[in-house]
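Engineer: Quick one, work-v5.txt (compact mmCIF, C-alpha atoms):
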# COMPACT_ATOMS: atom_id res chain seq x y z
CA MET A 1 43.96 124.81 90.86
CA PRO A 2 45.06 127.65 93.20
CA ILE A 3 42.29 129.97 94.42
CA PRO A 4 42.57 133.51 92.93
CA THR A 5 42.84 136.30 95.45
CA PRO A 6 41.29 139.76 95.08
CA SER A 7 44.61 141.13 93.95
CA GLY A 8 44.68 138.63 91.10
CA ARG A 9 47.51 136.55 92.53
CA ASP A 10 47.20 132.89 93.43
CA ASP A 11 46.54 132.24 97.10
CA PRO A 12 49.54 130.34 98.41
CA ASP A 13 47.43 128.99 101.25
CA GLY A 14 44.63 127.70 99.08
CA PRO A 15 43.68 124.05 98.83
CA GLY A 16 46.37 121.92 97.21
CA ALA A 17 48.93 124.71 97.28
CA PRO A 18 52.45 123.83 98.33
CA ALA A 19 53.41 124.65 101.86
CA ALA A 20 55.23 127.92 102.47
CA HIS A 21 59.02 127.64 102.46
CA GLY A 22 60.91 130.24 104.42
CA PHE A 23 64.54 130.26 105.47
CA GLY A 24 63.72 128.43 108.69
CA ALA A 25 61.98 125.62 106.84
CA GLU A 26 64.85 125.28 104.37
CA LEU A 27 67.30 125.22 107.27
CA ARG A 28 65.38 122.41 108.95
CA ASP A 29 65.27 120.51 105.67
CA SER A 30 68.98 120.96 104.97
CA VAL A 31 70.53 120.49 108.39
CA THR A 32 69.46 117.00 109.38
CA LEU A 33 70.75 115.10 112.37
CA ARG A 34 72.65 112.78 110.05
CA ALA A 35 74.37 115.73 108.37
CA VAL A 36 75.30 117.23 111.73
CA LEU A 37 76.80 113.93 112.90
CA LEU A 38 78.79 113.49 109.68
CA VAL A 39 80.21 117.03 109.86
CA ALA A 40 81.05 116.50 113.53
CA GLY A 41 82.88 113.34 112.53
CA VAL A 42 84.87 115.24 109.91
CA LEU A 43 85.79 117.87 112.51
CA PHE A 44 86.92 115.12 114.88
CA LEU A 45 89.15 113.59 112.20
CA GLN A 46 90.57 116.99 111.23
CA LEU A 47 91.50 117.92 114.79
CA GLY A 48 92.79 114.41 115.41
CA PHE A 49 95.02 114.71 112.35
CA ILE A 50 96.50 117.99 113.62
CA LEU A 51 96.96 116.64 117.13
CA SER A 52 98.56 113.38 116.04
CA TYR A 53 101.17 114.91 113.75
CA ILE A 54 102.16 117.71 116.10
CA HIS A 55 102.26 115.43 119.14
CA ALA A 56 104.33 112.80 117.35
CA PHE A 57 106.82 115.12 115.64
CA HIS A 58 107.09 118.33 117.69
CA SER A 59 109.90 117.10 119.97
CA PRO A 60 111.65 113.92 118.78
CA THR A 61 113.61 112.37 121.65
CA PRO A 62 115.74 109.21 121.48
CA SER A 63 114.47 106.40 123.66
CA ARG A 64 116.26 103.07 124.07
CA ILE A 65 117.76 103.05 120.57
CA PRO A 66 119.34 99.58 120.21
CA VAL A 67 123.12 99.80 119.77
CA ALA A 68 126.00 97.35 119.95
CA VAL A 69 129.36 97.93 121.62
CA ALA A 70 132.37 96.13 120.15
CA ALA A 71 135.46 95.98 122.38
CA PRO A 72 137.42 93.54 124.55
CA ALA A 73 135.13 92.05 127.18
CA PRO A 74 136.01 94.18 130.25
CA VAL A 75 135.99 97.41 128.24
CA ALA A 76 132.77 96.50 126.45
CA GLN A 77 130.89 95.71 129.66
CA GLN A 78 132.03 98.96 131.23
CA ALA A 79 130.92 100.95 128.17
CA VAL A 80 127.57 99.15 128.02
CA SER A 81 126.87 99.93 131.67
CA ALA A 82 127.79 103.58 131.16
CA LEU A 83 125.60 103.97 128.04
CA ASN A 84 122.60 102.25 129.65
CA ALA A 85 122.91 104.49 132.69
CA LEU A 86 122.56 107.73 130.73
CA ASP A 87 119.74 110.05 131.79
CA SER A 88 116.40 109.35 130.05
CA ARG A 89 117.82 106.05 128.65
CA PRO A 90 118.43 107.25 125.07
CA LEU A 91 120.31 104.03 124.21
CA ASN A 92 119.85 100.33 124.83
CA ALA A 93 123.37 98.97 124.51
CA ARG A 94 124.69 95.42 124.41
CA ALA A 95 128.17 93.98 123.99
CA VAL A 96 129.37 92.06 120.94
CA GLY A 97 132.64 90.36 120.18
CA ASP A 98 134.09 92.49 117.40
CA GLU A 99 133.36 94.98 114.63
CA ALA A 100 132.31 92.26 112.16
CA ALA A 101 129.63 91.02 114.55
CA ALA A 102 128.44 94.59 115.07
CA ARG A 103 128.13 95.14 111.31
CA ARG A 104 126.11 91.95 110.93
CA LEU A 105 123.66 93.06 113.63
CA ILE A 106 123.17 96.42 111.93
CA LEU A 107 122.50 94.84 108.53
CA ARG A 108 120.09 92.34 110.10
CA ARG A 109 118.20 95.27 111.70
CA ALA A 110 118.90 93.91 115.20
CA VAL A 111 120.55 97.21 116.20
CA ASP A 112 120.57 100.69 114.69
CA ALA A 113 124.22 101.53 115.37
CA ALA A 114 127.42 100.16 116.88
CA LEU A 115 130.24 101.77 118.84
CA VAL A 116 133.61 100.17 118.11
CA ILE A 117 135.98 101.10 120.93
CA ASN A 118 139.72 101.36 120.34
CA PRO A 119 141.30 100.39 123.69
CA THR A 120 144.77 101.59 122.62
CA GLY A 121 143.77 105.02 121.32
CA THR A 122 141.46 107.95 121.99
CA THR A 123 139.30 107.76 118.85
CA ASP A 124 136.42 105.29 118.61
CA THR A 125 134.25 104.47 115.58
CA LEU A 126 130.47 104.75 115.43
CA LEU A 127 128.88 102.57 112.75
CA VAL A 128 125.47 103.69 111.48
CA ALA A 129 123.15 102.75 108.61
CA SER A 130 121.30 105.92 107.65
CA ALA A 131 119.24 104.00 105.08
CA GLY A 132 117.17 102.88 108.05
CA GLY A 133 116.40 106.49 108.92
CA PRO A 134 118.90 109.38 109.08
CA ALA A 135 117.16 110.86 112.12
CA VAL A 136 118.08 107.83 114.24
CA SER A 137 121.67 107.89 113.02
CA GLN A 138 121.93 111.57 113.88
CA ALA A 139 120.43 111.02 117.33
CA VAL A 140 122.86 108.20 118.14
CA THR A 141 125.75 110.30 116.83
CA ALA A 142 124.80 113.20 119.09
CA VAL A 143 124.62 110.95 122.17
CA ALA A 144 127.90 109.22 121.33
CA GLU A 145 129.75 112.49 120.74
CA LYS A 146 128.55 113.92 124.04
CA THR A 147 129.45 110.75 125.93
CA GLU A 148 132.86 110.45 124.33
CA ALA A 149 133.67 114.13 124.92
CA ALA A 150 132.98 113.67 128.63
CA GLN A 151 135.77 111.06 128.66
CA GLN A 152 138.18 113.17 126.57
CA ARG A 153 137.72 110.86 123.61
CA GLN A 154 136.65 111.40 120.02
CA VAL A 155 134.28 109.47 117.78
CA LYS A 156 134.49 108.94 114.03
CA VAL A 157 131.18 108.20 112.27
CA THR A 158 131.08 105.62 109.47
CA ASP A 159 127.88 105.16 107.50
CA ILE A 160 128.00 101.54 106.34
CA LEU A 161 124.69 101.70 104.46
CA PRO A 162 123.56 105.14 103.25
CA PRO A 163 120.33 105.67 101.28
CA ALA A 164 120.29 105.61 97.48
CA PRO A 165 121.47 108.86 95.83
CA ASN A 166 117.90 109.79 94.85
CA ASP A 167 116.54 108.88 98.28
CA SER A 168 118.73 111.18 100.32
CA ARG A 169 116.58 111.21 103.48
CA SER A 170 115.37 107.62 103.11
CA LEU A 171 111.80 108.89 102.94
CA SER A 172 110.81 107.46 99.55
CA SER A 173 109.66 104.20 101.14
CA PHE A 174 107.42 106.10 103.58
CA TYR A 175 105.82 108.32 100.94
CA LEU A 176 105.38 105.39 98.58
CA VAL A 177 103.52 103.41 101.24
CA ILE A 178 101.36 106.43 102.13
CA GLY A 179 100.39 106.76 98.46
CA TRP A 180 99.52 103.08 98.29
CA MET A 181 97.48 103.33 101.50
CA VAL A 182 95.50 106.33 100.24
CA GLY A 183 94.73 104.54 96.98
CA GLY A 184 93.56 101.44 98.82
CA TYR A 185 91.07 103.04 101.18
CA LEU A 186 89.84 105.54 98.56
CA ALA A 187 89.16 102.74 96.07
CA ALA A 188 87.14 100.84 98.68
CA ALA A 189 85.34 104.03 99.70
CA ILE A 190 84.39 104.93 96.13
CA LEU A 191 83.07 101.44 95.45
CA GLY A 192 81.06 101.67 98.66
CA ILE A 193 79.57 105.04 97.74
CA ALA A 194 78.78 103.95 94.19
CA GLY A 195 77.34 100.53 95.00
CA GLY A 196 76.28 100.84 98.61
CA ALA A 197 78.46 100.53 101.69
CA ARG A 198 77.00 97.07 102.38
CA PRO A 199 76.93 94.74 99.34
CA ALA A 200 73.53 93.17 98.73
CA ASN A 201 74.71 89.56 98.83
CA LEU A 202 77.74 87.31 98.98
CA HIS A 203 78.18 87.32 95.21
CA ARG A 204 78.50 91.11 95.15
CA THR A 205 80.84 91.03 98.13
CA THR A 206 83.08 88.57 96.32
CA ILE A 207 82.98 90.66 93.15
CA ARG A 208 83.92 93.81 95.05
CA LEU A 209 86.79 92.07 96.84
CA GLY A 210 88.02 90.73 93.50
CA THR A 211 87.88 94.22 92.02
CA LEU A 212 89.92 95.57 94.92
CA ALA A 213 92.47 92.78 94.48
CA LEU A 214 92.86 93.66 90.79
CA TYR A 215 93.18 97.33 91.68
CA ALA A 216 95.84 96.46 94.28
CA ALA A 217 97.92 94.57 91.72
CA VAL A 218 97.79 97.47 89.25
CA SER A 219 98.44 100.05 91.97
CA GLY A 220 101.40 98.10 93.34
CA LEU A 221 102.88 97.86 89.85
CA GLY A 222 102.41 101.58 89.23
CA GLY A 223 104.06 102.58 92.49
CA ALA A 224 107.00 100.24 91.91
CA LEU A 225 107.52 101.66 88.41
CA ILE A 226 107.47 105.25 89.67
CA ALA A 227 109.79 104.67 92.66
CA GLY A 228 112.10 102.37 90.71
CA PRO A 229 112.72 102.77 86.96
CA LEU A 230 111.08 106.19 86.57
CA LEU A 231 112.63 108.16 89.47
CA ASP A 232 115.37 105.72 90.55
CA ALA A 233 114.57 106.52 94.17
CA LEU A 234 114.34 102.85 95.19
CA PRO A 235 116.42 101.00 92.58
CA GLY A 236 116.53 97.23 92.37
CA HIS A 237 114.26 94.61 93.91
CA PHE A 238 111.44 95.59 91.54
CA ALA A 239 109.45 92.36 91.96
CA ALA A 240 109.63 92.56 95.76
CA LEU A 241 108.53 96.18 95.69
CA TRP A 242 105.56 95.33 93.44
CA GLY A 243 104.49 92.48 95.71
CA ILE A 244 104.72 94.55 98.88
CA GLY A 245 102.80 97.37 97.20
CA ALA A 246 99.99 95.08 96.11
CA LEU A 247 99.73 93.70 99.65
CA VAL A 248 99.71 97.20 101.21
CA VAL A 249 96.96 98.40 98.87
CA PHE A 250 94.78 95.34 99.29
CA ALA A 251 95.23 95.31 103.07
CA SER A 252 93.99 98.90 103.37
CA ALA A 253 91.22 98.35 100.80
CA ALA A 254 89.90 95.11 102.32
CA ALA A 255 90.02 96.55 105.84
CA THR A 256 88.14 99.66 104.68
CA MET A 257 85.51 97.53 102.99
CA ALA A 258 85.04 95.50 106.17
CA LEU A 259 84.58 98.71 108.17
CA GLN A 260 81.94 99.88 105.70
CA VAL A 261 80.12 96.57 105.96
CA LEU A 262 80.13 96.94 109.74
CA PHE A 263 79.40 100.66 110.12
CA GLY A 264 78.03 101.80 106.77
CA ILE A 265 79.38 104.98 105.22
CA ALA A 266 80.84 105.97 108.61
CA GLY A 267 83.30 103.10 108.15
CA ILE A 268 85.26 105.35 105.78
CA GLY A 269 85.86 107.75 108.65
CA VAL A 270 86.96 104.90 110.90
CA ALA A 271 89.44 103.77 108.22
CA ILE A 272 90.87 107.29 107.97
CA LEU A 273 91.18 107.41 111.76
CA PHE A 274 93.28 104.25 111.86
CA PHE A 275 95.26 104.61 108.63
CA VAL A 276 95.87 108.38 108.56
CA VAL A 277 95.35 109.93 112.00
CA LEU A 278 97.01 107.06 113.89
CA GLY A 279 98.94 105.21 111.19
CA ASN A 280 100.92 107.93 109.40
CA PRO A 281 102.62 109.64 112.36
CA SER A 282 103.62 106.30 113.88
CA ALA A 283 104.85 104.73 110.63
CA GLY A 284 108.52 105.63 111.13
CA GLY A 285 108.87 107.95 108.16
CA PRO A 286 110.49 111.27 109.13
CA TYR A 287 111.19 109.97 112.64
CA PRO A 288 111.52 106.21 113.23
CA GLY A 289 110.02 104.59 116.29
CA PRO A 290 112.89 105.14 118.77
CA LEU A 291 112.44 108.91 118.40
CA LEU A 292 108.66 108.98 118.86
CA PRO A 293 106.63 109.33 122.08
CA ALA A 294 105.73 106.04 123.76
CA PHE A 295 102.18 105.84 122.41
CA TRP A 296 103.20 106.25 118.77
CA ARG A 297 106.15 103.92 119.23
CA ALA A 298 103.86 101.23 120.64
CA ILE A 299 101.26 101.25 117.87
CA GLY A 300 103.48 101.97 114.86
CA GLN A 301 104.25 98.47 113.62
CA SER A 302 100.74 97.14 114.33
CA LEU A 303 99.17 99.44 111.70
CA PRO A 304 99.53 99.08 107.91
CA PRO A 305 101.48 102.33 107.28
CA GLY A 306 104.20 101.36 109.74
CA ALA A 307 104.30 97.73 108.63
CA GLY A 308 104.40 98.78 104.98
CA THR A 309 107.19 101.32 105.52
CA THR A 310 109.27 98.75 107.39
CA ALA A 311 108.71 96.10 104.73
CA VAL A 312 109.70 98.40 101.86
CA ARG A 313 112.71 99.96 103.62
CA ASN A 314 114.12 96.63 104.78
CA ALA A 315 113.50 94.91 101.46
CA MET A 316 115.21 97.68 99.52
CA TYR A 317 118.22 98.30 101.77
CA PHE A 318 118.65 95.41 104.21
CA SER A 319 118.26 92.36 101.93
CA GLY A 320 114.79 91.61 103.28
CA ASN A 321 115.93 91.19 106.89
CA ALA A 322 113.31 91.87 109.58
CA THR A 323 110.40 92.00 107.12
CA THR A 324 108.52 88.88 108.24
CA GLY A 325 106.60 90.59 111.04
CA ALA A 326 105.64 93.51 108.83
CA LEU A 327 104.40 91.26 106.03
CA LEU A 328 102.39 89.16 108.48
CA THR A 329 100.75 92.32 109.83
CA LEU A 330 99.69 93.39 106.34
CA ALA A 331 98.46 89.88 105.52
CA ALA A 332 96.44 89.85 108.73
CA TYR A 333 94.64 93.06 107.76
CA ALA A 334 93.90 91.68 104.30
CA ALA A 335 92.63 88.34 105.66
CA ALA A 336 90.54 90.04 108.36
CA GLY A 337 89.02 92.38 105.78
CA ILE A 338 87.98 89.45 103.60
CA ALA A 339 86.66 87.38 106.49
CA VAL A 340 84.64 90.18 108.09
CA SER A 341 83.15 91.32 104.77
CA LEU A 342 82.03 87.81 103.83
CA ALA A 343 80.85 86.85 107.30
CA VAL A 344 78.78 89.98 107.95
CA THR A 345 77.27 89.96 104.47
CA GLY A 346 76.44 86.26 104.75
CA PHE A 347 74.81 86.84 108.14
CA THR A 348 72.72 89.87 107.17
CA TRP A 349 71.78 88.97 103.59
CA PRO A 350 69.06 86.38 104.51
CA SER A 351 67.39 88.81 106.92
CA ARG A 352 67.41 91.58 104.30
CA ARG A 353 65.92 89.19 101.75
CA ILE A 354 63.17 88.15 104.18
CA ARG A 355 62.31 91.81 104.79
CA ARG A 356 62.04 92.41 101.05
CA LEU A 357 59.83 89.36 100.50
CA ALA A 358 57.52 89.95 103.46
CA PRO A 359 55.34 92.69 101.85
CA ALA A 360 54.75 90.51 98.78
CA VAL A 361 53.76 87.54 100.93
CA GLN A 362 51.33 89.71 102.89
CA ARG A 363 49.70 90.99 99.68
CA ARG A 364 48.96 87.56 98.20
CA PRO A 365 45.89 86.66 100.34
CA ARG A 366 44.23 90.01 99.58
CA GLU A 367 45.01 89.74 95.87
CA ALA A 368 43.46 86.26 95.82
CA HIS A 369 40.11 87.65 97.02
CA GLY A 370 40.20 90.78 94.85
CA PRO A 371 39.11 90.75 91.19
CA ALA A 372 38.26 87.04 91.27
CA ALA A 373 35.62 87.61 93.96
Output the file's structure in the form of structure tokens.
Structural biologist:
Amino acid sequence: MPIPTPSGRDDPDGPGAPAAHGFGAELRDSVTLRAVLLVAGVLFLQLGFILSYIHAFHSPTPSRIPVAVAAPAPVAQQAVSALNALDSRPLNARAVGDEAAARRLILRRAVDAALVINPTGTTDTLLVASAGGPAVSQAVTAVAEKTEAAQQRQVKVTDILPPAPNDSRSLSSFYLVIGWMVGGYLAAAILGIAGGARPANLHRTTIRLGTLALYAAVSGLGGALIAGPLLDALPGHFAALWGIGALVVFASAAATMALQVLFGIAGIGVAILFFVVLGNPSAGGPYPGPLLPAFWRAIGQSLPPGAGTTAVRNAMYFSGNATTGALLTLAAYAAAGIAVSLAVTGFTWPSRRIRRLAPAVQRRPREAHGPAA
């Protein structure tokens, strides 16, 4: 009971009284080292997000965009040499036999455009496929027009594969993949916060991975329905879109879970660093790889956002050509997430169990000599 003071109030410093709490004490209680480190991590991600997007998009410049040149052999070789000798190497040209071969290369995603030269006239034809990214088609058109004008020639642009009417900038695939990615790593993060970043044993790890797989299937279906039948932005190929979506979601979710198993709750920040700060600007959405700075161009297809965007765009518009590498990248993230989660949990679970059992084992000898004695 607090000791009464002469003024009739309880003495806050009396025996058993709670310690005094001023602003300084509350500040020390609230601002822990862990909280400071977490906020510093958030600041790092925020500034990294700003830096990555501005650095990647502030000045898109064409760099070695693959193009084909269709013309009789001597003319084609001369044109290829001239295009590859342009300042800053905006194009990477190669000769092909005729216009039909050039069209096939574009539709197979081997080149982004083709210049068909008319040796008997002054007007050439530039073939583009803006479904693969209008920004690249526009960049190639600008280079071709400037080059042709210097030779007193004209160029006529023919878009052999434009985007769907409700996908005018061919960005629906990019935004769809970003939505799938966000759902994947948020689902894994929420499960980690609710049940602990590191599952207690292999059974719980398996259950959590199974839950994420089920979520991925439902999420992939929902995204395919919205982009396809509901909005008609990516019509056709519904089953392929659903399958790619499920793989994108599970790849991001499993990888995020593995990072949490390795680094605890900080693994969520690491996932955001790779999937958002690094992955989104390099994914090839607003500006495909040939228009990005070298760093973003190099990492784009090795991260799930870029691989997912390529897989969706090529499956929807290019008959599935050039999707194998992207699908293998996504599958690798999913497989690595599963393997790391199971391996780390299986390695650490016995040691955690031993630590839990040790106090009970130490108590048994004392309990044996207690009441019985």
Engineer: Neighbours of segment 140-151 of chain A within 8 Å (only C-alpha atoms; same-chain residues fewer than 6 positions away dropped), as a list in words?
Structural biologist: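 Residues meeting the cut-off are Pro62, Ile65, Pro90, Leu91, Ala113, Leu126 and Val157 of chain A.
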Engineer: Closest to Ala271 of chain A among A:Pro165, A:Pro304, A:Pro74, A:Gly132, using all atoms listed in the file?
Structural biologist: A:Pro304
Engineer: So that I can see what lies close to segment 35-46 of chain A, please list as number ranges by chain the residues with an atom at most 12 Å from it, counting only C-alpha atoms and leaving out residues fewer than 2 positions away in the same chain.
Structural biologist: A: 27-33, 48-53, 265-278
Engineer: Find the distance between atom CA of Pro66 of chain A and atom CA of Asn92 of chain A and write it in Å to one decimal.
Structural biologist: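 Between these atoms lies a distance of 4.7 Å.
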Engineer: Which is closest to Val312 of chain A among A:Ile106, A:Leu247, A:Ala71, A:Ile193, if we use all atoms listed in the file?
Structural biologist: A:Leu247
Engineer: For Leu176 of chain A, please output as an MDAnalysis selection string all residues within 7 Å (counting all atoms listed in the file; exclusion window: fewer than 4 positions along the same chain).
Structural biologist: chainID A and resid 172 180 223
Engineer: Env of segment 284-294 of chain A: 7 Å cut, atoms = only C-alpha atoms, seq-sep filter 5 positions within chain, self excluded. Answer as a list in words.
Structural biologist: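 Neighbouring residues, sequence-local ones excluded: Ala56, Pro60, Thr61, Pro62, Ser63, Arg64, Ile65, Gly133, Ala135, Val136, Leu171, Phe174 and Gly306 of chain A.
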Engineer: Report as a PDB file with C-alpha atoms, in the coordinates of the input all protein, DNA and RNA residues lying within 12 Å of Arg104 of chain A, evaluated on all atoms listed in the file, omitting residues in the same chain fewer than 2 positions from it.
Structural biologist:
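What landed in around.pdb:
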ATOM      1  CA  ALA A  68     126.000  97.350 119.950  1.00  0.00           C
ATOM      2  CA  ALA A  70     132.370  96.130 120.150  1.00  0.00           C
ATOM      3  CA  VAL A  96     129.370  92.060 120.940  1.00  0.00           C
ATOM      4  CA  GLY A  97     132.640  90.360 120.180  1.00  0.00           C
ATOM      5  CA  ASP A  98     134.090  92.490 117.400  1.00  0.00           C
ATOM      6  CA  GLU A  99     133.360  94.980 114.630  1.00  0.00           C
ATOM      7  CA  ALA A 100     132.310  92.260 112.160  1.00  0.00           C
ATOM      8  CA  ALA A 101     129.630  91.020 114.550  1.00  0.00           C
ATOM      9  CA  ALA A 102     128.440  94.590 115.070  1.00  0.00           C
ATOM     10  CA  ILE A 106     123.170  96.420 111.930  1.00  0.00           C
ATOM     11  CA  LEU A 107     122.500  94.840 108.530  1.00  0.00           C
ATOM     12  CA  ARG A 108     120.090  92.340 110.100  1.00  0.00           C
ATOM     13  CA  ARG A 109     118.200  95.270 111.700  1.00  0.00           C
ATOM     14  CA  ALA A 110     118.900  93.910 115.200  1.00  0.00           C
ATOM     15  CA  VAL A 111     120.550  97.210 116.200  1.00  0.00           C
ATOM     16  CA  ASP A 112     120.570 100.690 114.690  1.00  0.00           C
ATOM     17  CA  ALA A 113     124.220 101.530 115.370  1.00  0.00           C
ATOM     18  CA  ALA A 114     127.420 100.160 116.880  1.00  0.00           C
ATOM     19  CA  LEU A 127     128.880 102.570 112.750  1.00  0.00           C
ATOM     20  CA  VAL A 128     125.470 103.690 111.480  1.00  0.00           C
ATOM     21  CA  ALA A 129     123.150 102.750 108.610  1.00  0.00           C
ATOM     22  CA  ILE A 160     128.000 101.540 106.340  1.00  0.00           C
ATOM     23  CA  LEU A 161     124.690 101.700 104.460  1.00  0.00           C
ATOM     24  CA  PHE A 318     118.650  95.410 104.210  1.00  0.00           C
ATOM     25  CA  SER A 319     118.260  92.360 101.930  1.00  0.00           C
ATOM     26  CA  ASN A 321     115.930  91.190 106.890  1.00  0.00           C
TER      27      ASN A 321
END
Engineer: With distances taken over only C-alpha atoms, which of A:Asn166, A:Asn280, A:Ser137, A:Ser81 is nearest to Val182 of chain A?
Structural biologist: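 Once distances to Val182 of chain A are computed over only C-alpha atoms, the minimum belongs to A:Asn280.
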Engineer: Expressed in Å to a single decimal, how great is the separation between atom CA of Gly220 of chain A and atom CA of Gly325 of chain A?
Structural biologist: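 Interatomic distance, atom CA of Gly220 of chain A to atom CA of Gly325 of chain A: 19.9 Å.
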Engineer: Atom CA of Gln260 of chain A to atom CA of Gly196 of chain A: how many Å, to one decimal?
Structural biologist: 9.1 Å
Engineer: With the cut-off set at 12 Å and counting only C-alpha atoms, tabulate each residue of segment 78-185 of chain A with an atom at most that distance from an atom of segment 205-213 of chain A, showing the nearest atom pair and its distance in Å to one decimal, ordered by chain and increasing number, as JSON lines.
Structural biologist:
{"residue": "A:Gly183", "atom": "CA", "partner": "A:Leu212", "partner_atom": "CA", "distance": 10.4}
{"residue": "A:Gly184", "atom": "CA", "partner": "A:Leu212", "partner_atom": "CA", "distance": 7.9}
{"residue": "A:Tyr185", "atom": "CA", "partner": "A:Leu212", "partner_atom": "CA", "distance": 9.8}
Engineer: Using the file's own x, y and z axes, what box holds all listed atoms of segment 227-241 of chain A with 4 Å on each side, keeping edges along x, y and z, and what are its centre and edge lengths in Å to one decimal, as AutoDock Vina command-line options?
Structural biologist:
--center_x 112.5 --center_y 100.3 --center_z 91.2 --size_x 16.0 --size_y 23.8 --size_z 17.2
Engineer: Which is closest to Gly320 of chain A among A:Ala240, A:Ala131, A:Ala251, A:Pro72, if we use all atoms listed in the file?
Structural biologist: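 Once distances to Gly320 of chain A are computed over all atoms listed in the file, the minimum belongs to A:Ala240.
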Engineer: Of the residues A:Ser168, A:Val177, A:Ala227, A:Leu262, which is the one nearest to Val249 of chain A, using all atoms listed in the file?
Structural biologist: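 Under the stated criterion, the closest residue is A:Val177.
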Engineer: With 7 Å as the threshold, what does the neighbourhood of (82.2, 97.6, 103.7) contain in terms of residues, counting all atoms listed in the file? Coordinates are those of the file; answer as a list in words.
Structural biologist: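 Looking at atoms near the point gives Gly192, Ala197, Arg198, Thr256, Met257, Ala258, Leu259, Gln260, Val261, Leu262, Gly264 and Ser341 of chain A.
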Engineer: From the list A:Val155, A:Ala255, A:Leu328, A:Leu241, which residue is nearest Thr122 of chain A when using all atoms listed in the file?
Structural biologist: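 Closest to Thr122 of chain A, using all atoms listed in the file: A:Val155.
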